[in-house]
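Visitor: Input file: query-v9.pdb. Contents: PDB, C-alpha atoms.
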```pdb
MODEL        1
ATOM      1  CA  MET A   1       0.000   0.000   0.000
ATOM      2  CA  PHE A   2       1.469   3.308  -1.148
ATOM      3  CA  ASN A   3       0.445   5.370   1.890
ATOM      4  CA  LYS A   4       1.813   2.782   4.304
ATOM      5  CA  ALA A   5       5.171   2.741   2.518
ATOM      6  CA  LEU A   6       5.202   6.535   2.302
ATOM      7  CA  ASP A   7       4.554   6.833   6.024
ATOM      8  CA  LYS A   8       7.235   4.284   6.906
ATOM      9  CA  GLU A   9       9.946   5.678   4.658
ATOM     10  CA  PHE A  10       9.191   9.397   4.671
ATOM     11  CA  VAL A  11       6.419  10.821   6.861
ATOM     12  CA  ARG A  12       7.168   9.083  10.157
ATOM     13  CA  PRO A  13      10.991   9.614  10.098
ATOM     14  CA  ILE A  14      10.623  13.305   9.256
ATOM     15  CA  SER A  15       7.875  13.793  11.826
ATOM     16  CA  GLU A  16       9.941  12.031  14.468
ATOM     17  CA  GLU A  17      12.969  14.197  13.694
ATOM     18  CA  TYR A  18      10.804  17.331  13.766
ATOM     19  CA  THR A  19       9.356  16.578  17.199
ATOM     20  CA  ASP A  20      12.793  15.581  18.548
ATOM     21  CA  ILE A  21      14.506  18.750  17.329
ATOM     22  CA  MET A  22      11.765  21.258  18.133
ATOM     23  CA  PRO A  23      11.599  22.443  21.756
ATOM     24  CA  ASP A  24       8.169  21.592  23.155
ATOM     25  CA  PRO A  25       7.103  25.241  23.678
ATOM     26  CA  LEU A  26       8.050  26.129  20.089
ATOM     27  CA  GLU A  27       6.330  23.042  18.686
ATOM     28  CA  LYS A  28       3.200  23.988  20.628
ATOM     29  CA  ALA A  29       3.393  27.570  19.345
ATOM     30  CA  VAL A  30       3.571  26.323  15.737
ATOM     31  CA  SER A  31       0.538  24.095  16.271
ATOM     32  CA  ASN A  32      -1.363  26.931  17.954
ATOM     33  CA  PHE A  33      -0.652  29.262  15.040
ATOM     34  CA  ALA A  34      -1.708  26.671  12.461
ATOM     35  CA  THR A  35      -4.930  25.988  14.346
ATOM     36  CA  ASN A  36      -5.686  29.689  14.612
ATOM     37  CA  MET A  37      -5.188  30.168  10.872
ATOM     38  CA  SER A  38      -7.769  27.427  10.239
ATOM     39  CA  TYR A  39     -10.569  29.270  12.050
ATOM     40  CA  PRO A  40     -11.627  31.508   9.104
ATOM     41  CA  ALA A  41     -12.324  28.391   7.006
ATOM     42  CA  ASP A  42     -14.273  26.932   9.936
ATOM     43  CA  ILE A  43     -16.310  30.140  10.174
ATOM     44  CA  PHE A  44     -17.068  29.955   6.459
ATOM     45  CA  ASN A  45     -18.254  26.343   6.666
ATOM     46  CA  TYR A  46     -20.309  26.892   9.813
ATOM     47  CA  LEU A  47     -22.079  29.778   8.112
ATOM     48  CA  LEU A  48     -22.828  27.520   5.139
ATOM     49  CA  GLN A  49     -24.210  24.982   7.606
ATOM     50  CA  GLY A  50     -26.377  27.657   9.233
ATOM     51  CA  ASN A  51     -24.625  27.066  12.552
ATOM     52  CA  LEU A  52     -24.262  30.622  13.812
ATOM     53  CA  ALA A  53     -23.298  29.602  17.338
ATOM     54  CA  GLN A  54     -20.253  27.620  16.178
ATOM     55  CA  ALA A  55     -19.357  30.301  13.631
ATOM     56  CA  MET A  56     -19.323  32.882  16.422
ATOM     57  CA  SER A  57     -17.265  30.570  18.651
ATOM     58  CA  SER A  58     -14.647  30.125  15.916
ATOM     59  CA  GLY A  59     -14.693  33.871  15.253
ATOM     60  CA  ASN A  60     -14.205  34.680  18.933
ATOM     61  CA  ALA A  61     -11.292  32.253  19.159
ATOM     62  CA  PHE A  62      -9.662  33.737  16.058
ATOM     63  CA  ILE A  63      -9.981  37.312  17.361
ATOM     64  CA  LEU A  64      -8.738  36.450  20.858
ATOM     65  CA  ASN A  65      -5.734  34.521  19.620
ATOM     66  CA  THR A  66      -4.839  36.939  16.831
ATOM     67  CA  VAL A  67      -5.125  40.115  18.907
ATOM     68  CA  PHE A  68      -3.996  38.914  22.324
ATOM     69  CA  GLY A  69      -2.074  35.750  21.455
ATOM     70  CA  LEU A  70       0.630  37.264  19.240
ATOM     71  CA  GLY A  71      -1.092  36.284  16.021
ATOM     72  CA  GLY A  72      -2.117  32.909  17.354
ATOM     73  CA  ILE A  73       1.082  31.402  18.759
ATOM     74  CA  ILE A  74      -0.495  31.617  22.223
ATOM     75  CA  ASP A  75      -3.847  29.924  22.689
ATOM     76  CA  VAL A  76      -5.567  32.697  24.614
ATOM     77  CA  ALA A  77      -8.977  31.405  23.563
ATOM     78  CA  GLY A  78      -8.301  27.983  25.044
ATOM     79  CA  ALA A  79      -7.257  29.579  28.329
ATOM     80  CA  GLN A  80     -10.639  31.341  28.319
ATOM     81  CA  ASN A  81     -12.441  28.030  27.634
ATOM     82  CA  VAL A  82     -13.222  29.082  24.065
ATOM     83  CA  SER A  83     -12.306  25.944  22.130
ATOM     84  CA  PRO A  84     -14.432  25.673  18.965
ATOM     85  CA  ARG A  85     -14.754  22.367  17.177
ATOM     86  CA  THR A  86     -13.160  22.239  13.759
ATOM     87  CA  THR A  87     -15.244  21.580  10.655
ATOM     88  CA  ASP A  88     -14.816  21.287   6.890
ATOM     89  CA  PHE A  89     -16.720  21.312   3.625
ATOM     90  CA  GLY A  90     -17.241  17.568   3.857
ATOM     91  CA  GLU A  91     -19.292  18.175   6.990
ATOM     92  CA  THR A  92     -21.097  21.018   5.245
ATOM     93  CA  MET A  93     -22.164  18.650   2.485
ATOM     94  CA  ALA A  94     -23.207  16.047   5.056
ATOM     95  CA  HIS A  95     -25.311  18.702   6.802
ATOM     96  CA  TRP A  96     -27.229  19.312   3.578
ATOM     97  CA  GLY A  97     -27.839  15.640   2.946
ATOM     98  CA  VAL A  98     -25.045  14.651   0.571
ATOM     99  CA  GLY A  99     -24.281  10.956   1.024
ATOM    100  CA  GLU A 100     -20.792   9.915   2.071
ATOM    101  CA  GLY A 101     -20.297   7.633  -0.928
ATOM    102  CA  PRO A 102     -17.751   4.821  -0.991
ATOM    103  CA  TYR A 103     -14.661   4.738   1.175
ATOM    104  CA  VAL A 104     -11.503   5.788  -0.671
ATOM    105  CA  GLU A 105      -7.823   5.772   0.185
ATOM    106  CA  LEU A 106      -6.371   9.026  -1.129
ATOM    107  CA  LEU A 107      -2.717   9.104  -2.113
ATOM    108  CA  VAL A 108      -0.713  10.886   0.588
ATOM    109  CA  LEU A 109      -3.873  12.210   2.292
ATOM    110  CA  GLY A 110      -4.993   8.785   3.498
ATOM    111  CA  PRO A 111      -8.472   7.525   4.494
ATOM    112  CA  SER A 112     -11.503   9.391   3.212
ATOM    113  CA  THR A 113     -14.901   8.979   1.612
ATOM    114  CA  GLN A 114     -16.056  10.228  -1.755
ATOM    115  CA  ARG A 115     -17.867  13.118  -0.067
ATOM    116  CA  ASP A 116     -14.899  14.046   2.121
ATOM    117  CA  ALA A 117     -12.514  13.833  -0.832
ATOM    118  CA  VAL A 118     -14.600  16.444  -2.641
ATOM    119  CA  GLY A 119     -14.739  18.444   0.578
ATOM    120  CA  LYS A 120     -10.954  18.461   0.879
ATOM    121  CA  ALA A 121     -10.664  19.773  -2.672
ATOM    122  CA  VAL A 122     -13.197  22.544  -2.003
ATOM    123  CA  ASP A 123     -11.490  23.501   1.269
ATOM    124  CA  PHE A 124      -8.188  23.759  -0.603
ATOM    125  CA  VAL A 125      -9.614  25.979  -3.339
ATOM    126  CA  ILE A 126     -11.884  28.132  -1.180
ATOM    127  CA  ASP A 127      -9.642  29.566   1.523
ATOM    128  CA  PRO A 128     -11.169  32.725   3.071
ATOM    129  CA  LEU A 129      -7.842  33.731   4.594
ATOM    130  CA  GLY A 130      -5.614  32.848   1.657
ATOM    131  CA  SER A 131      -6.809  35.695  -0.540
ATOM    132  CA  LEU A 132      -5.820  38.208   2.143
ATOM    133  CA  LEU A 133      -2.225  36.990   2.544
ATOM    134  CA  ASN A 134       0.778  37.836   0.423
ATOM    135  CA  THR A 135       3.123  35.153  -0.899
ATOM    136  CA  GLU A 136       5.472  35.243   2.079
ATOM    137  CA  GLN A 137       2.627  35.055   4.580
ATOM    138  CA  SER A 138       1.039  32.159   2.702
ATOM    139  CA  GLN A 139       4.329  30.274   2.843
ATOM    140  CA  ILE A 140       4.487  30.782   6.604
ATOM    141  CA  VAL A 141       0.973  29.377   6.984
ATOM    142  CA  ARG A 142       1.822  26.359   4.819
ATOM    143  CA  ARG A 143       4.974  25.649   6.825
ATOM    144  CA  THR A 144       3.194  25.880  10.156
ATOM    145  CA  ASN A 145       0.453  23.607   8.796
ATOM    146  CA  ALA A 146       3.144  21.081   7.882
ATOM    147  CA  GLY A 147       4.642  21.360  11.367
ATOM    148  CA  ASN A 148       1.233  20.862  12.936
ATOM    149  CA  LEU A 149       0.622  17.762  10.812
ATOM    150  CA  MET A 150       3.972  16.304  11.868
ATOM    151  CA  SER A 151       3.146  16.921  15.517
ATOM    152  CA  LYS A 152      -0.216  15.188  15.077
ATOM    153  CA  ARG A 153       1.453  12.271  13.292
ATOM    154  CA  MET A 154       3.686  11.605  16.276
ATOM    155  CA  ALA A 155       0.886  12.186  18.771
ATOM    156  CA  TYR A 156      -0.916   9.206  17.204
ATOM    157  CA  ASP A 157       2.241   7.230  16.508
ATOM    158  CA  ALA A 158       1.413   4.309  18.814
ATOM    159  CA  THR A 159      -2.046   3.891  17.290
ATOM    160  CA  ILE A 160      -0.790   4.101  13.703
ATOM    161  CA  GLN A 161       2.108   1.712  14.302
ATOM    162  CA  GLY A 162      -0.215  -0.719  16.027
ATOM    163  CA  LEU A 163      -2.537  -0.559  13.043
ATOM    164  CA  TYR A 164       0.279  -1.314  10.617
ATOM    165  CA  GLU A 165       2.059  -3.962  12.638
ATOM    166  CA  ASN A 166      -0.634  -5.772  14.609
ATOM    167  CA  SER A 167      -3.540  -5.862  12.188
ATOM    168  CA  ALA A 168      -4.022  -8.755   9.779
ATOM    169  CA  ASP A 169      -5.660  -6.343   7.332
ATOM    170  CA  SER A 170      -4.448  -2.797   7.978
ATOM    171  CA  TYR A 171      -6.528  -1.408   5.080
ATOM    172  CA  ALA A 172      -9.792  -2.801   6.468
ATOM    173  CA  GLN A 173      -8.901  -1.711   9.978
ATOM    174  CA  ALA A 174      -8.033   1.823   8.844
ATOM    175  CA  ARG A 175     -11.308   1.935   6.951
ATOM    176  CA  LEU A 176     -13.251   0.902  10.035
ATOM    177  CA  TYR A 177     -11.475   3.420  12.275
ATOM    178  CA  TYR A 178     -11.962   6.256   9.821
ATOM    179  CA  LEU A 179     -15.647   5.639   9.137
ATOM    180  CA  GLN A 180     -16.440   5.095  12.799
ATOM    181  CA  ASN A 181     -14.636   8.258  13.892
ATOM    182  CA  ARG A 182     -15.965  10.382  11.027
ATOM    183  CA  ARG A 183     -19.555   9.333  11.585
ATOM    184  CA  TYR A 184     -19.198   9.982  15.306
ATOM    185  CA  THR A 185     -17.826  13.465  14.558
ATOM    186  CA  LEU A 186     -20.797  14.153  12.293
ATOM    187  CA  GLY A 187     -23.220  12.940  14.940
ATOM    188  CA  ILE A 188     -24.312   9.925  12.905
ATOM    189  CA  LYS A 189     -25.348   6.986  15.064
ATOM    190  CA  PRO A 190     -24.642   3.484  13.693
ATOM    191  CA  GLN A 191     -28.362   2.741  13.400
ATOM    192  CA  ASP A 192     -28.849   5.989  11.449
ATOM    193  CA  SER A 193     -26.252   5.084   8.850
ATOM    194  CA  ALA A 194     -27.264   3.373   5.645
ATOM    195  CA  ASP A 195     -23.901   1.613   5.834
ATOM    196  CA  PRO A 196     -23.166   0.709   9.473
ATOM    197  CA  PHE A 197     -19.908  -1.088   8.612
ATOM    198  CA  GLU A 198     -21.561  -4.221   7.257
ATOM    199  CA  GLU A 199     -19.980  -3.506   3.864
ATOM    200  CA  LEU A 200     -16.507  -3.418   5.351
ATOM    201  CA  TYR A 201     -15.260  -6.033   2.903
ATOM    202  CA  GLY A 202     -18.095  -5.820   0.428
ATOM    203  CA  THR A 203     -19.990  -3.474  -1.792
ATOM    204  CA  GLU A 204     -18.933   0.065  -2.603
TER     205      GLU A 204
ENDMDL
END
```
Output the file's structure in the form of structure tokens.
Guide:
Amino acid sequence: MFNKALDKEFVRPISEEYTDIMPDPLEKAVSNFATNMSYPADIFNYLLQGNLAQAMSSGNAFILNTVFGLGGIIDVAGAQNVSPRTTDFGETMAHWGVGEGPYVELLVLGPSTQRDAVGKAVDFVIDPLGSLLNTEQSQIVRRTNAGNLMSKRMAYDATIQGLYENSADSYAQARLYYLQNRRYTLGIKPQDSADPFEELYGTE
């Protein structure tokens, strides 16, 4: 499997080196900044979902961290118990009744569904903050996003390694984990799903 080999040979070693080299406070600051820069996209999607309360929560967090947290490197909002849940265009489509479609394994990006794959593409193209940044600022955001992803990779290292090494069918297990977690995030109960994992090895 391409993604498994990519993770073993490239992603995990680089992520491990990143977390080893970076002092913990600096690594946390990078992750805080990346998270803060994601709030405008969350606001956009929550507005599309008609969820004004969550849009306001994300907006409050962005303002607090940007103004009082040195642009977001300090999580002032979290200290004030303002911790909005992240969202994406895949969830926006789910909110308006778009079916998840078949499970897919995206190159590099990993587990997804047809709906979430489209959502990722839309999120990439429609970036409310991106149009306001110059080239240098955009590069900074991309680099901090990469640092945040590496930190997350190592935070889940034990789970991922266990999946690869201890599972007889790592693809099926990854599929199960992803669908279960994604549906839980979207508030979909197993009995509400038209596909409550019974097609794990079967139809698409």
Visitor: If you measure from atom CA of A:Phe44 to atom CA of A:Pro128, what distance in Å do you get, rounded to one decimal?
Guide: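 Atom CA of A:Pro128 lies at a distance of 7.3 Å from atom CA of A:Phe44.
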Visitor: To one decimal in Å, tell me the separation between atom CA of A:Ala5 and atom CA of A:Arg175.
Guide: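 Going from atom CA of A:Ala5 over to atom CA of A:Arg175, I get 17.1 Å.
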Visitor: Go through the shown structure with the PyMOL selection byres ((chain A and resi 116) around 12) and write out the matching residues as number ranges by chain.
Guide: A: 87-94, 98-106, 109-115, 117-123, 178-179, 182-183, 186
Visitor: For the interface of stretch 85-189 of chain A with stretch 24-33 of chain A (cut-off 7 Å, counting all atoms listed in the file), please tabulate each contacting residue of stretch 85-189 of chain A alongside its nearest pair of atoms and their separation in Å to one decimal, rows sorted by chain and increasing number, as a Markdown table.
Guide:
```
| residue | atom | partner | partner_atom | distance |
| --- | --- | --- | --- | --- |
| A:Thr144 | CA | A:Val30 | CA | 5.6 |
| A:Gly147 | CA | A:Val30 | CA | 6.7 |
| A:Asn148 | CA | A:Ser31 | CA | 4.7 |
```
Visitor: Nearest to A:Pro84 among A:Glu17, A:Gln54, A:Gly97, A:Gln49, with distances taken over all atoms listed in the file: which residue is it?
Guide: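 With all atoms listed in the file as the atom set, the closest residue is A:Gln54.
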